[in-house]
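**Q** First the structure, which I've put down as structure tokens, then a few questions once you've had a look.
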2 protein chains.
Amino acid sequence: MSKGLRAQQDMEKERETLQAWKERVGQELDRVVAFWMEHSHDQEHGGFFTCLGRDGQVYDDLKYVWLQGRQVWMYCRLYRTFERFRHAQLLDAAKAGGEFLLRYARVAPPGKKCAFVLTRDGRPVKVQRTIFSECFYTMAMNELWRATGEVQYQTEAVEMMDQIVHWVQEDASGLGRPQLQGAPAAEPMAVPMMLLNLVEQLGEADEELESKYAELGDWCAQRILQHVQRDGQAVLENVSEDGKELSGCLGRQQNPGHALEAGWFLLRHCIRKGDPELRAHVVDKFLLLPFRSGWDPDHGGLFYFQDADDFCPTQFRDPEYGEWFGYLSREGKVALSIKGGPFKGCFHVPRCLAMCEEMLGALLSRPAPAPAPAPACRGAE
Amino acid sequence: MSKGLRAQQDMEKERETLQAWKERVGQELDRVVAFWMEHSHDQEHGGFFTCLGRDGQVYDDLKYVWLQGRQVWMYCRLYRTFERFRHAQLLDAAKAGGEFLLRYARVAPPGKKCAFVLTRDGRPVKVQRTIFSECFYTMAMNELWRATGEVQYQTEAVEMMDQIVHWVQEDASGLGRPQLQGAPAAEPMAVPMMLLNLVEQLGEADEELESKYAELGDWCAQRILQHVQRDGQAVLENVSEDGKELSGCLGRQQNPGHALEAGWFLLRHCIRKGDPELRAHVVDKFLLLPFRSGWDPDHGGLFYFQDADDFCPTQFRDPEYGEWFGYLSREGKVALSIKGGPFKGCFHVPRCLAMCEEMLGALLSRPAPAPAPAPACRGAE
């Protein structure tokens, strides 16, 4: 068989594999979205139930603002970028969620601070002294503008973004955190990660905002990179504001899945900047390193939390893990049967599936290269 | 063998069993206290390290105020009530811990609000908007007064107690919790439990304070009893202030170990009141019921959290479990190898062992009843 023929056959086989995966991922995405559409819509007040049992039963009707914003974003993104999701039911639910947020998310309008969790009818239950409710509000509003073309949503998004940047870079006092003498000036990696994500969201196909937030994007990337510590051998969740390791558990805390997510945001940043050197560094430190050091050698899978000196981490709250079942024990057994809860909703799994489907589609639509010419005088192999 | 002789032999056998257990519990208590004395004392700043690894290595030097207060209390209680612990090293360490609390626990003296966690040298890191730091501060100060006779400690205890009662019964605004429209007026069982515990602590052998807090003790008992819900079939962690079940996960939350602890405090209350009817109710609802409904039929042991309708609980932070290893998986495997951390210190295990030793001692020192007279005309059995 000639090299050219073999290359051609290899390519066809790869294409078949990609096609099979694309179909499988597409079906999973359909089923995940169908689950949330069937069980999560609050027809009476707008917005979404996210505390859903295995079969979709609502086990609590509280509305967590992060998850409201994420579901609005997810629905709009699907509506806007996948033809088969371009139907009114999805957009109407997203709009009802967006209107619920517009009306109730802010604790004391016109102040911009948002609640962390609301009652079913929108009364505030708890307020977190962080920026994340506001960030997911911004993501929702920007994507709602893109899906509907209604300018009021974009105005909301940009004004909230300005407020968030002010809290992060200028003055955090509006967040309500007490200034305590012993509290370390720590930077959680989540803050520049989240902001970098917003820079990409707001700047997509929008030259004016892309240029407005270009400097902020560089600042975020530089801040995230500061979390690579110990001669490049560890990504630490919390460092000092000038990029030094902090003492104690807080300083040694690692979250391999979070490092990988940061790597993804940084790679998108590298694409925008056209910076192959940074790209290689990010692949090494935020993708390969967390996979190597964060993998459970006994049972497989990534650890939720690790201590850089191998002490026991003291965290007991699990972050999001994946769809179908969200929370597994270290041995891989289903720990909780819930489909959604205060931290897991219609976001991580469909977002991942949608991205996979897009990427597989992109791989499949690459133009096939012309078959390589058969090498001269090498005979059949 | 005559019935009288058999009863005599049974009693001797029981006595031997009790004696063996008393020795075993006493040895365990010695070892647990030795562990904390060897590894936890901060000779430089006073107070205690509580984040200790399996071998006693300090893996974080933060000082959690609950655990500082509990260790002061434990040391003083041991010093005061066990002859073999009446040595200066224990009392000196307790005093150094008490002085550390006096100096640094309050965030903004003369205000009484205490921090939740301090740096090693006493600067506040975090403040919780609850009463518990202040409660353990009160326990420590009262017991320190009992062990040393120094009146300043008792003044501190009583003044702090007055502040706590004011927060709970009159006006909670000093705790700093925002008043949010959607937040349910929920009462966590921990609040009246903790207060009832303090009523017992402060009233011990002190007629004046016993009488001062008698009404408060009744109020606490009545409030705890309100947590028995669903026709007496469930103890719920959170109920409304007028004793109704709350909606959602918050309302359905159960913690069988916590119910048992409440039962213990209530039984002590019944002893003080001389109320056998209440005693029978407490045994039924707070001891037998949580053991029946909170026991894991597959692996044994009590669940940390349960949902009264068998949904998945959404809590992920484990409460204290026991000494040696504090945190086990549902299957009973050691989940965390740490001996102490932000929630487990020198308190629950030695407190339990000390109580067991005392109770075994009390059982052993009961006067032996006169042997029963041999029944007439029944012959040998």
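In the structure tokens, each chain is lettered A, B, ... as it comes, each chain's residues begin at 1, and ligands are numbered from 1 in order of appearance.
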Once DSSP has gone over the backbone, tell me which residues of stretch 202-301 of chain B are in alpha helix (DSSP H), as a ChimeraX atom specification.

**A** /B:202-203,207-212,214-225,248-252,256-273,276-282,289-294

**Q** Determine the nearest neighbour of B:Ala262 from the options B:Leu209, B:Ala190, B:Trp219, B:Gly111, counting only C-alpha atoms.

**A**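 Closest to B:Ala262, using only C-alpha atoms: B:Ala190.
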
**Q** What is the distance between atom CA of A:Pro256 and atom CA of A:Ser133, in Å to one decimal?

**A**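 Distance reported for this atom pair: 23.2 Å.
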
**Q** Which of these residues is nearest to A:Leu236, using only C-alpha atoms: A:Glu204, A:Asp92, A:Asp309, A:Asp171?

**A**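 Ranked by minimum distance to A:Leu236, first place goes to A:Asp309.
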
**Q** Rank nothing, just name the residue among A:Ser2, A:Gln181, A:Gln222, A:Gln152 nearest to chain B, using only C-alpha atoms.

**A**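 Using only C-alpha atoms, chain B sits closest to A:Gln181.
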
**Q** When you look at B:Lys22 with a cut-off of 8 Å (counting only C-alpha atoms), what residues show up, excluding the ones that are within fewer than 6 positions of it in the same chain? I need them as a list in words.

**A**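 With the cut-off at 8 Å, the set is Cys356, Glu357, Leu360 and Gly361 of chain B.
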
**Q** Give me a file of those residues, with C-alpha atoms, as a short mmCIF file (atom, residue, chain, number, x, y, z; two decimals), in the first residue's frame.

**A**
data_model
loop_
_atom_site.label_atom_id
_atom_site.label_comp_id
_atom_site.auth_asym_id
_atom_site.auth_seq_id
_atom_site.Cartn_x
_atom_site.Cartn_y
_atom_site.Cartn_z
CA CYS B 356 -17.58 8.24 80.39
CA GLU B 357 -14.86 7.86 82.98
CA LEU B 360 -18.28 4.60 85.09
CA GLY B 361 -16.74 5.75 88.36
#

**Q** For B:Leu278, find every residue with an atom within 12 Å (counting only C-alpha atoms), except residues of its own chain fewer than 6 positions away, and show them as a PyMOL selection string.

**A** chain B and resi 218+221-222+225+263+266-272+284-286

**Q** Take the residues just selected and output them with all heavy atoms as a tab-separated table (two decimals), in the first residue's frame.

**A**
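Okay, this is what ended up in again.tsv:
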chain	number	residue	atom	x	y	z
B	218	ASP	N	-35.67	27.22	80.84
B	218	ASP	CA	-36.98	26.72	80.41
B	218	ASP	C	-37.29	27.14	78.96
B	218	ASP	O	-37.82	26.37	78.17
B	218	ASP	CB	-38.09	27.25	81.34
B	218	ASP	CG	-37.98	26.65	82.73
B	218	ASP	OD1	-37.37	25.57	82.87
B	218	ASP	OD2	-38.50	27.28	83.68
B	221	ALA	N	-35.30	24.96	76.58
B	221	ALA	CA	-35.87	23.61	76.48
B	221	ALA	C	-37.11	23.63	75.59
B	221	ALA	O	-37.27	22.80	74.69
B	221	ALA	CB	-36.21	23.08	77.86
B	222	GLN	N	-37.96	24.63	75.82
B	222	GLN	CA	-39.19	24.73	75.03
B	222	GLN	C	-38.86	24.94	73.55
B	222	GLN	O	-39.49	24.35	72.67
B	222	GLN	CB	-40.04	25.88	75.60
B	222	GLN	CG	-41.36	26.11	74.89
B	222	GLN	CD	-41.25	27.26	73.90
B	222	GLN	OE1	-40.49	28.22	74.12
B	222	GLN	NE2	-41.98	27.15	72.80
B	225	LEU	N	-37.59	21.70	72.03
B	225	LEU	CA	-38.69	20.73	71.85
B	225	LEU	C	-39.53	21.05	70.62
B	225	LEU	O	-40.13	20.17	70.02
B	225	LEU	CB	-39.57	20.69	73.11
B	225	LEU	CG	-38.88	20.06	74.34
B	225	LEU	CD1	-39.67	20.35	75.61
B	225	LEU	CD2	-38.69	18.56	74.16
B	263	GLY	N	-30.50	15.96	73.08
B	263	GLY	CA	-31.09	15.06	74.07
B	263	GLY	C	-30.30	15.02	75.36
B	263	GLY	O	-30.87	15.07	76.47
B	266	LEU	N	-30.90	18.22	77.21
B	266	LEU	CA	-32.25	18.22	77.76
B	266	LEU	C	-32.36	17.28	78.97
B	266	LEU	O	-33.05	17.60	79.94
B	266	LEU	CB	-33.27	17.81	76.69
B	266	LEU	CG	-33.62	18.87	75.63
B	266	LEU	CD1	-34.46	18.25	74.51
B	266	LEU	CD2	-34.36	20.05	76.27
B	267	LEU	N	-31.68	16.14	78.92
B	267	LEU	CA	-31.72	15.22	80.06
B	267	LEU	C	-31.12	15.88	81.30
B	267	LEU	O	-31.65	15.75	82.41
B	267	LEU	CB	-30.96	13.93	79.75
B	267	LEU	CG	-31.68	12.91	78.86
B	267	LEU	CD1	-30.83	11.66	78.70
B	267	LEU	CD2	-33.05	12.56	79.43
B	268	ARG	N	-30.03	16.62	81.13
B	268	ARG	CA	-29.44	17.35	82.25
B	268	ARG	C	-30.44	18.37	82.80
B	268	ARG	O	-30.55	18.56	84.01
B	268	ARG	CB	-28.15	18.07	81.83
B	268	ARG	CG	-27.11	17.21	81.15
B	268	ARG	CD	-26.27	16.41	82.11
B	268	ARG	NE	-25.65	17.26	83.12
B	268	ARG	CZ	-24.95	16.79	84.15
B	268	ARG	NH1	-24.81	15.49	84.32
B	268	ARG	NH2	-24.39	17.61	85.03
B	269	HIS	N	-31.14	19.01	81.88
B	269	HIS	CA	-32.18	19.97	82.27
B	269	HIS	C	-33.27	19.27	83.09
B	269	HIS	O	-33.73	19.78	84.12
B	269	HIS	CB	-32.76	20.61	81.00
B	269	HIS	CG	-33.90	21.56	81.25
B	269	HIS	ND1	-33.70	22.83	81.76
B	269	HIS	CD2	-35.23	21.44	81.04
B	269	HIS	CE1	-34.88	23.44	81.86
B	269	HIS	NE2	-35.82	22.62	81.43
B	270	CYS	N	-33.69	18.07	82.65
B	270	CYS	CA	-34.73	17.31	83.37
B	270	CYS	C	-34.26	16.94	84.78
B	270	CYS	O	-35.05	16.96	85.73
B	270	CYS	CB	-35.08	16.02	82.62
B	270	CYS	SG	-35.83	16.31	81.01
B	271	ILE	N	-32.99	16.59	84.90
B	271	ILE	CA	-32.44	16.27	86.22
B	271	ILE	C	-32.55	17.49	87.13
B	271	ILE	O	-33.01	17.40	88.27
B	271	ILE	CB	-30.97	15.80	86.11
B	271	ILE	CG1	-30.91	14.44	85.41
B	271	ILE	CG2	-30.31	15.75	87.49
B	271	ILE	CD1	-29.51	13.98	85.09
B	272	ARG	N	-32.15	18.66	86.60
B	272	ARG	CA	-32.22	19.88	87.42
B	272	ARG	C	-33.66	20.20	87.80
B	272	ARG	O	-33.93	20.64	88.92
B	272	ARG	CB	-31.60	21.07	86.67
B	272	ARG	CG	-30.10	20.97	86.46
B	272	ARG	CD	-29.49	22.32	86.03
B	272	ARG	NE	-29.98	22.80	84.75
B	272	ARG	CZ	-29.53	22.39	83.56
B	272	ARG	NH1	-28.60	21.45	83.49
B	272	ARG	NH2	-30.01	22.90	82.45
B	284	ASP	N	-37.36	9.38	74.26
B	284	ASP	CA	-38.05	8.86	73.09
B	284	ASP	C	-37.70	9.62	71.82
B	284	ASP	O	-37.37	9.03	70.79
B	284	ASP	CB	-39.57	8.94	73.36
B	284	ASP	CG	-40.36	8.11	72.37
B	284	ASP	OD1	-39.87	7.01	72.01
B	284	ASP	OD2	-41.44	8.55	71.95
B	285	LYS	N	-37.75	10.96	71.90
B	285	LYS	CA	-37.65	11.78	70.69
B	285	LYS	C	-36.22	12.17	70.33
B	285	LYS	O	-35.92	12.39	69.16
B	285	LYS	CB	-38.50	13.05	70.84
B	285	LYS	CG	-39.98	12.79	71.05
B	285	LYS	CD	-40.55	11.89	69.96
B	285	LYS	CE	-42.03	11.61	70.19
B	285	LYS	NZ	-42.49	10.48	69.33
B	286	PHE	N	-35.36	12.35	71.33
B	286	PHE	CA	-34.02	12.86	71.05
B	286	PHE	C	-32.94	11.79	71.17
B	286	PHE	O	-31.79	12.05	70.86
B	286	PHE	CB	-33.70	14.05	71.95
B	286	PHE	CG	-34.43	15.30	71.56
B	286	PHE	CD1	-35.71	15.56	72.04
B	286	PHE	CD2	-33.85	16.21	70.68
B	286	PHE	CE1	-36.39	16.71	71.66
B	286	PHE	CE2	-34.52	17.36	70.31
B	286	PHE	CZ	-35.80	17.62	70.80

**Q** Near stretch 59-65 of chain B, counting only C-alpha atoms, which residues have an atom at most 7 Å away, once you skip same-chain residues fewer than 6 positions from it, shown as a list in words?

**A**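 Once the adjacent positions are removed, what remains is Gly248 and Cys249 of chain A; Phe48, Phe49, Cys51, Leu52, Gly53, Ala105, Ala115, Phe116, Val117, Leu118, Thr119, Arg120, Ser133 and Pro342 of chain B.
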